[in-house]
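File shown here: structure.tsv, holding TSV, C-alpha atoms.
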chain	number	residue	atom	x	y	z
A	1	MET	CA	53.43	165.14	133.23
A	2	LYS	CA	56.91	163.60	132.90
A	3	GLN	CA	55.84	161.01	135.49
A	4	LYS	CA	52.78	160.22	133.36
A	5	SER	CA	55.00	159.76	130.29
A	6	ASP	CA	57.36	157.49	132.23
A	7	GLU	CA	54.42	155.35	133.37
A	8	LEU	CA	53.16	155.01	129.79
A	9	LEU	CA	56.63	154.06	128.58
A	10	ASP	CA	56.97	151.40	131.29
A	11	ARG	CA	53.62	149.90	130.27
A	12	PHE	CA	54.66	149.97	126.63
A	13	TYR	CA	58.02	148.24	127.31
A	14	ASN	CA	56.21	145.59	129.36
A	15	TYR	CA	53.83	145.03	126.43
A	16	LEU	CA	56.76	144.67	123.99
A	17	ALA	CA	58.62	142.27	126.28
A	18	VAL	CA	55.70	140.09	127.41
A	19	GLU	CA	53.20	140.13	124.54
A	20	ARG	CA	55.42	140.89	121.55
A	21	ARG	CA	58.39	138.97	123.03
A	22	LEU	CA	60.93	141.37	121.59
A	23	ALA	CA	64.62	140.77	122.31
A	24	ALA	CA	66.54	142.95	124.79
A	25	ASN	CA	68.51	144.68	122.00
A	26	THR	CA	65.28	145.62	120.22
A	27	LEU	CA	63.79	146.97	123.45
A	28	GLU	CA	66.86	149.13	123.98
A	29	SER	CA	66.52	150.48	120.44
A	30	TYR	CA	62.83	151.31	121.04
A	31	GLY	CA	63.78	153.02	124.30
A	32	ARG	CA	66.43	155.22	122.67
A	33	ASP	CA	64.13	156.35	119.86
A	34	LEU	CA	61.16	157.07	122.12
A	35	LYS	CA	63.20	158.98	124.68
A	36	LYS	CA	64.72	161.09	121.92
A	37	TYR	CA	61.20	161.94	120.70
A	38	LEU	CA	60.05	162.78	124.24
A	39	VAL	CA	63.04	165.09	124.76
A	40	PHE	CA	62.07	166.82	121.52
A	41	LEU	CA	58.48	167.22	122.77
A	42	GLU	CA	59.69	168.62	126.08
A	43	SER	CA	61.46	171.37	124.13
A	44	LYS	CA	57.94	172.41	123.04
A	45	SER	CA	56.46	173.48	126.39
A	46	ASP	CA	52.85	172.99	125.30
A	47	ARG	CA	53.24	169.42	123.97
A	48	THR	CA	53.00	166.04	125.73
A	49	VAL	CA	52.67	162.41	124.62
A	50	ILE	CA	48.89	162.78	124.91
A	51	THR	CA	48.54	166.11	123.12
A	52	CYS	CA	51.21	165.85	120.43
A	53	THR	CA	50.13	165.78	116.80
A	54	ARG	CA	51.18	164.44	113.44
A	55	HIS	CA	52.86	167.79	112.79
A	56	ASP	CA	55.03	167.34	115.89
A	57	LEU	CA	56.24	163.97	114.64
A	58	LEU	CA	57.04	165.39	111.20
A	59	SER	CA	58.93	168.26	112.87
A	60	PHE	CA	60.90	165.71	114.90
A	61	LEU	CA	61.82	163.69	111.79
A	62	ASN	CA	62.89	166.84	109.95
A	63	HIS	CA	64.94	167.85	112.99
A	64	GLU	CA	66.70	164.46	112.97
A	65	LYS	CA	67.33	164.71	109.23
A	66	LYS	CA	68.82	168.16	109.67
A	67	TYR	CA	71.28	166.78	112.21
A	68	GLY	CA	72.40	163.95	109.95
A	69	LEU	CA	70.25	160.97	110.95
A	70	SER	CA	70.04	158.57	108.00
A	71	SER	CA	66.74	157.72	106.33
A	72	ARG	CA	67.05	154.16	107.66
A	73	SER	CA	67.46	155.38	111.25
A	74	ARG	CA	64.57	157.82	110.83
A	75	ALA	CA	62.40	155.02	109.42
A	76	ARG	CA	63.24	152.87	112.45
A	77	ALA	CA	62.40	155.74	114.84
A	78	LEU	CA	59.12	156.37	113.01
A	79	SER	CA	58.15	152.69	113.20
A	80	CYS	CA	58.87	152.69	116.93
A	81	ILE	CA	56.85	155.85	117.61
A	82	LYS	CA	53.90	154.65	115.50
A	83	THR	CA	53.90	151.33	117.38
A	84	PHE	CA	53.87	153.25	120.68
A	85	PHE	CA	50.85	155.32	119.65
A	86	LYS	CA	49.07	152.24	118.32
A	87	PHE	CA	49.59	150.73	121.79
A	88	LEU	CA	48.14	153.87	123.44
A	89	VAL	CA	44.98	153.43	121.35
A	90	GLN	CA	44.76	149.71	122.15
A	91	ASP	CA	45.17	150.52	125.84
A	92	GLY	CA	42.33	153.09	125.74
A	93	ILE	CA	44.58	156.06	126.49
A	94	LEU	CA	43.98	157.69	123.09
A	95	GLU	CA	40.86	157.48	120.92
A	96	ARG	CA	42.81	157.52	117.65
A	97	ASN	CA	46.38	157.18	116.47
A	98	PRO	CA	47.47	160.60	115.15
A	99	MET	CA	50.64	159.11	113.69
A	100	GLN	CA	49.30	156.22	111.61
A	101	ASP	CA	49.31	158.10	108.29
A	102	VAL	CA	52.85	159.47	108.56
A	103	GLU	CA	54.79	158.04	105.62
A	104	THR	CA	58.08	156.20	106.07
A	105	PRO	CA	61.12	158.10	104.70
A	106	ARG	CA	62.35	156.78	101.37
A	107	LEU	CA	65.25	154.45	102.10
A	108	GLU	CA	68.52	154.55	100.24
A	109	LYS	CA	69.16	151.14	98.67
A	110	LYS	CA	72.30	150.05	100.49
A	111	LEU	CA	73.65	146.70	99.41
A	112	PRO	CA	75.28	144.56	102.10
A	113	ASN	CA	79.03	144.18	101.86
A	114	VAL	CA	80.05	140.61	101.00
A	115	LEU	CA	83.36	138.83	100.72
A	116	SER	CA	84.44	136.83	97.68
A	117	LEU	CA	84.87	133.07	98.04
A	118	ALA	CA	88.64	133.56	98.08
A	119	GLU	CA	88.39	136.19	100.82
A	120	VAL	CA	86.15	133.94	102.93
A	121	GLU	CA	88.62	131.11	102.53
A	122	ALA	CA	91.52	133.35	103.54
A	123	LEU	CA	89.67	134.71	106.58
A	124	ILE	CA	88.58	131.28	107.81
A	125	ASN	CA	92.13	129.92	107.38
A	126	ALA	CA	93.72	132.89	109.15
A	127	PRO	CA	93.63	131.69	112.81
A	128	ASP	CA	96.62	129.68	114.06
A	129	THR	CA	94.91	126.41	114.96
A	130	LYS	CA	97.99	125.17	116.85
A	131	LYS	CA	96.91	127.60	119.58
A	132	GLU	CA	93.81	127.15	121.73
A	133	LEU	CA	92.29	130.54	120.93
A	134	GLY	CA	93.17	130.12	117.26
A	135	LEU	CA	91.29	126.82	117.19
A	136	ARG	CA	88.32	128.50	118.82
A	137	ASP	CA	88.40	131.32	116.27
A	138	ARG	CA	88.60	128.85	113.36
A	139	ALA	CA	85.56	126.96	114.68
A	140	LEU	CA	83.75	130.25	115.26
A	141	PHE	CA	84.33	131.50	111.70
A	142	GLU	CA	83.49	128.10	110.22
A	143	LEU	CA	80.13	127.98	112.00
A	144	LEU	CA	79.27	131.61	111.30
A	145	TYR	CA	79.79	131.15	107.56
A	146	ALA	CA	78.28	127.63	107.46
A	147	ALA	CA	75.01	128.67	109.13
A	148	GLY	CA	74.73	132.38	108.31
A	149	LEU	CA	74.11	133.33	111.92
A	150	ARG	CA	73.73	136.81	113.31
A	151	VAL	CA	76.69	137.65	115.54
A	152	SER	CA	74.36	137.94	118.57
A	153	GLU	CA	73.01	134.44	117.80
A	154	LEU	CA	76.51	133.01	117.53
A	155	MET	CA	77.59	134.55	120.84
A	156	SER	CA	74.46	133.17	122.56
A	157	LEU	CA	74.86	129.58	121.32
A	158	THR	CA	75.01	126.98	124.05
A	159	VAL	CA	76.87	123.68	123.79
A	160	ASN	CA	73.53	121.83	123.70
A	161	ALA	CA	72.28	123.90	120.74
A	162	LEU	CA	74.64	122.08	118.38
A	163	ASN	CA	73.76	118.53	117.29
A	164	VAL	CA	77.00	117.26	115.79
A	165	GLU	CA	75.64	113.81	114.90
A	166	ALA	CA	72.60	115.13	113.03
A	167	GLY	CA	74.51	118.09	111.57
A	168	PHE	CA	72.37	121.04	112.61
A	169	VAL	CA	72.29	123.91	115.06
A	170	LEU	CA	69.23	125.17	116.95
A	171	VAL	CA	69.24	128.98	117.00
A	172	MET	CA	67.19	131.39	119.08
A	173	GLY	CA	66.64	134.34	116.76
A	174	LYS	CA	64.87	137.68	116.92
A	175	GLY	CA	61.63	137.71	118.88
A	176	SER	CA	62.71	134.51	120.67
A	177	LYS	CA	61.90	132.49	117.54
A	178	GLU	CA	63.73	129.21	117.11
A	179	ARG	CA	65.03	127.91	113.81
A	180	VAL	CA	67.02	124.85	112.80
A	181	ILE	CA	69.95	125.36	110.41
A	182	PRO	CA	72.05	122.64	108.76
A	183	VAL	CA	75.82	122.75	109.33
A	184	GLY	CA	78.29	121.31	106.82
A	185	GLU	CA	80.88	118.63	107.54
A	186	GLU	CA	83.88	120.99	107.37
A	187	ALA	CA	82.45	123.28	110.04
A	188	LEU	CA	81.42	120.31	112.20
A	189	LYS	CA	84.97	118.90	111.99
A	190	TRP	CA	86.51	122.12	113.33
A	191	ILE	CA	83.86	122.57	116.03
A	192	LYS	CA	84.44	119.03	117.30
A	193	GLN	CA	88.19	119.61	117.35
A	194	TYR	CA	87.72	122.89	119.25
A	195	VAL	CA	85.44	121.27	121.84
A	196	LEU	CA	87.72	118.26	122.34
A	197	GLU	CA	91.09	120.00	122.30
A	198	ALA	CA	90.73	123.67	123.22
A	199	ARG	CA	87.49	124.68	124.91
A	200	GLN	CA	88.22	123.31	128.38
A	201	LYS	CA	91.78	124.67	128.28
A	202	ILE	CA	90.42	128.13	127.46
A	203	LEU	CA	87.96	127.80	130.35
A	204	ARG	CA	90.79	126.71	132.67
A	205	ASN	CA	88.53	124.14	134.36
A	206	LYS	CA	85.69	126.62	134.79
A	207	THR	CA	82.24	125.66	133.49
A	208	SER	CA	80.11	127.49	130.95
A	209	ARG	CA	77.00	126.61	129.00
A	210	TYR	CA	78.10	128.75	126.07
A	211	LEU	CA	79.85	127.16	123.10
A	212	PHE	CA	82.29	130.01	122.51
A	213	THR	CA	83.84	131.57	125.61
A	214	ASN	CA	86.77	133.72	126.67
A	215	ARG	CA	89.31	132.80	129.32
A	216	SER	CA	87.15	134.21	132.12
A	217	GLY	CA	84.45	131.65	131.31
A	218	ALA	CA	82.03	134.27	130.02
A	219	ARG	CA	80.53	134.07	126.56
A	220	MET	CA	82.27	136.11	123.91
A	221	SER	CA	80.92	139.61	123.35
A	222	ARG	CA	79.98	141.31	120.09
A	223	GLN	CA	82.85	143.74	120.69
A	224	GLY	CA	85.25	140.84	121.21
A	225	PHE	CA	84.13	139.24	117.96
A	226	TRP	CA	84.44	142.56	116.12
A	227	LYS	CA	88.06	142.90	117.30
A	228	LEU	CA	88.76	139.35	116.14
A	229	ILE	CA	87.42	139.81	112.64
A	230	LYS	CA	89.29	143.09	112.20
A	231	LYS	CA	92.51	141.45	113.40
A	232	TYR	CA	92.24	138.53	110.97
A	233	CYS	CA	91.16	140.73	108.05
A	234	LEU	CA	94.27	142.81	108.60
A	235	LYS	CA	96.35	139.64	108.75
A	236	VAL	CA	95.15	138.38	105.35
A	237	GLY	CA	95.10	141.78	103.64
A	238	ILE	CA	91.34	142.47	103.50
A	239	VAL	CA	91.45	146.26	103.80
A	240	ARG	CA	87.99	147.33	102.65
A	241	LYS	CA	85.27	148.20	105.13
A	242	ILE	CA	83.47	145.23	106.67
A	243	SER	CA	80.82	144.80	109.35
A	244	PRO	CA	80.24	142.20	112.10
A	245	HIS	CA	77.65	140.61	109.79
A	246	THR	CA	79.93	140.36	106.73
A	247	LEU	CA	80.16	136.55	106.89
A	248	ARG	CA	76.37	136.29	107.28
A	249	HIS	CA	75.90	138.47	104.21
A	250	SER	CA	78.46	136.36	102.33
A	251	PHE	CA	76.67	133.15	103.35
A	252	ALA	CA	73.39	134.37	101.85
A	253	SER	CA	74.92	135.84	98.70
A	254	HIS	CA	77.02	132.75	97.97
A	255	LEU	CA	74.05	130.40	98.48
A	256	LEU	CA	71.92	132.35	96.00
A	257	ALA	CA	74.80	132.57	93.53
A	258	GLY	CA	75.13	128.79	93.77
A	259	GLY	CA	71.48	128.27	92.87
A	260	ALA	CA	69.71	128.09	96.26
A	261	ASP	CA	66.07	129.20	96.21
A	262	LEU	CA	65.12	132.43	97.95
A	263	ARG	CA	62.62	130.83	100.39
A	264	SER	CA	65.22	128.39	101.72
A	265	VAL	CA	67.73	131.19	102.28
A	266	GLN	CA	65.01	133.26	103.97
A	267	THR	CA	64.30	130.37	106.36
A	268	MET	CA	67.96	129.85	107.22
A	269	LEU	CA	68.54	133.56	107.81
A	270	GLY	CA	65.42	133.87	109.97
A	271	HIS	CA	63.93	136.76	107.97
A	272	GLU	CA	60.22	137.33	108.55
A	273	ASP	CA	59.78	139.19	105.26
A	274	ILE	CA	61.22	137.75	102.07
A	275	SER	CA	61.88	141.28	100.78
A	276	THR	CA	64.70	141.46	103.36
A	277	THR	CA	66.28	138.39	101.77
A	278	GLN	CA	65.80	139.71	98.23
A	279	ILE	CA	68.50	142.32	98.78
A	280	TYR	CA	71.04	139.53	98.25
A	281	THR	CA	69.74	138.93	94.72
A	282	HIS	CA	70.66	142.57	94.02
A	283	VAL	CA	74.17	141.87	95.35
A	284	GLU	CA	74.58	139.05	92.84
A	285	LYS	CA	73.27	141.24	89.99
A	286	GLU	CA	75.73	143.98	90.91
A	287	ARG	CA	78.56	141.43	90.97
A	288	LEU	CA	77.63	140.21	87.48
A	289	LYS	CA	77.49	143.80	86.22
A	290	THR	CA	80.97	144.42	87.60
A	291	ILE	CA	82.32	141.30	85.90
A	292	HIS	CA	80.63	142.28	82.61
A	293	ASN	CA	82.02	145.83	82.73
A	294	LYS	CA	85.51	144.54	83.51
A	295	TYR	CA	85.77	141.77	80.92
A	296	HIS	CA	83.39	142.57	78.05
A	297	PRO	CA	85.19	144.27	75.16
A	298	ARG	CA	82.52	146.97	75.12
A	299	GLY	CA	81.98	147.04	78.86

Once more with this new file: its structure as structure tokens, please.
Amino acid sequence: MKQKSDELLDRFYNYLAVERRLAANTLESYGRDLKKYLVFLESKSDRTVITCTRHDLLSFLNHEKKYGLSSRSRARALSCIKTFFKFLVQDGILERNPMQDVETPRLEKKLPNVLSLAEVEALINAPDTKKELGLRDRALFELLYAAGLRVSELMSLTVNALNVEAGFVLVMGKGSKERVIPVGEEALKWIKQYVLEARQKILRNKTSRYLFTNRSGARMSRQGFWKLIKKYCLKVGIVRKISPHTLRHSFASHLLAGGADLRSVQTMLGHEDISTTQIYTHVEKERLKTIHNKYHPRG
């Protein structure tokens, strides 16, 4: 029966990759969640993918909650499992989807962490641009904040994706969907300087199609970027917790605070659902509340 389950999973992954065109990272996430559910089912000797019920899924979610899985992670796992069973129905393996009515766990409202304008300025100015890697890091931070890219998008950018003359970057986002994002003059200035003065020296006469590389000629990794941002935050005295997407969050929050409309920010961020973008309006409201409480005489 395990072989049967493995065959179904392979067909499902092929469907996600070919028909849904999901990115490799998303496929890996689906794989982890599904395999965890299958291991749980295997612990119940009389249950399989074909015979499991709604009750089994609820038991699995309660089991994950008991062992500390957050509501957001459980919601993601539930979405993955429901999509899998919907596929089994579409493929004629099941007559009905026993999981379709299972409700998504209530999510805690977690506001993204954003930097202040002063903190962004300090972080972007932190690299030593007299050094080749410092110039690369300055250009990297400038572009990340100017375009609000995901870190994975930034690391995947090719040299040809950036149109310096027209002032935009072509990004391949989630689900292999392209979007065009404007880039400001300050960021373009530093990127041009990096390309002209530092990039080839970093490559040491190797070739690479990626805009941002390490000395081996490979594109920078997410882990490499994470180490960079932690190093520069420490350098400028930003001690609070940040994430690899902190500059992306700051980009969105600062645009909305400056009067940008929500739909435009949604387009630039590459969000399918505008409700995902709306979280940044809550960030701005919380910031205003903090200012009011701090400075109002009856705050």

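The smallest atom-to-atom distance between Arg150 of chain A and any of A:Ala260, A:Cys233, A:Leu78, A:Ala252, using only C-alpha atoms, is found for A:Ala252.
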
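Taking atom CA of Glu19 of chain A as the reference point, atom CA of Arg263 of chain A is found at 27.5 Å.
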
Determine the nearest neighbour of Leu57 of chain A from the options A:Cys80, A:Met99, A:Ala122, A:Ala23, counting all atoms listed in the file.
A:Met99

Between atom CA of Ser250 of chain A and atom CA of Glu119 of chain A, what is the distance in Å, rounded to a tenth?
10.0 Å

Fewer than 6 positions away in the same chain doesn't count, so skip those; otherwise give me all residues within 7 Å of Val151 of chain A, counting only C-alpha atoms, as a PyMOL selection string.
chain A and resi 222+244-245
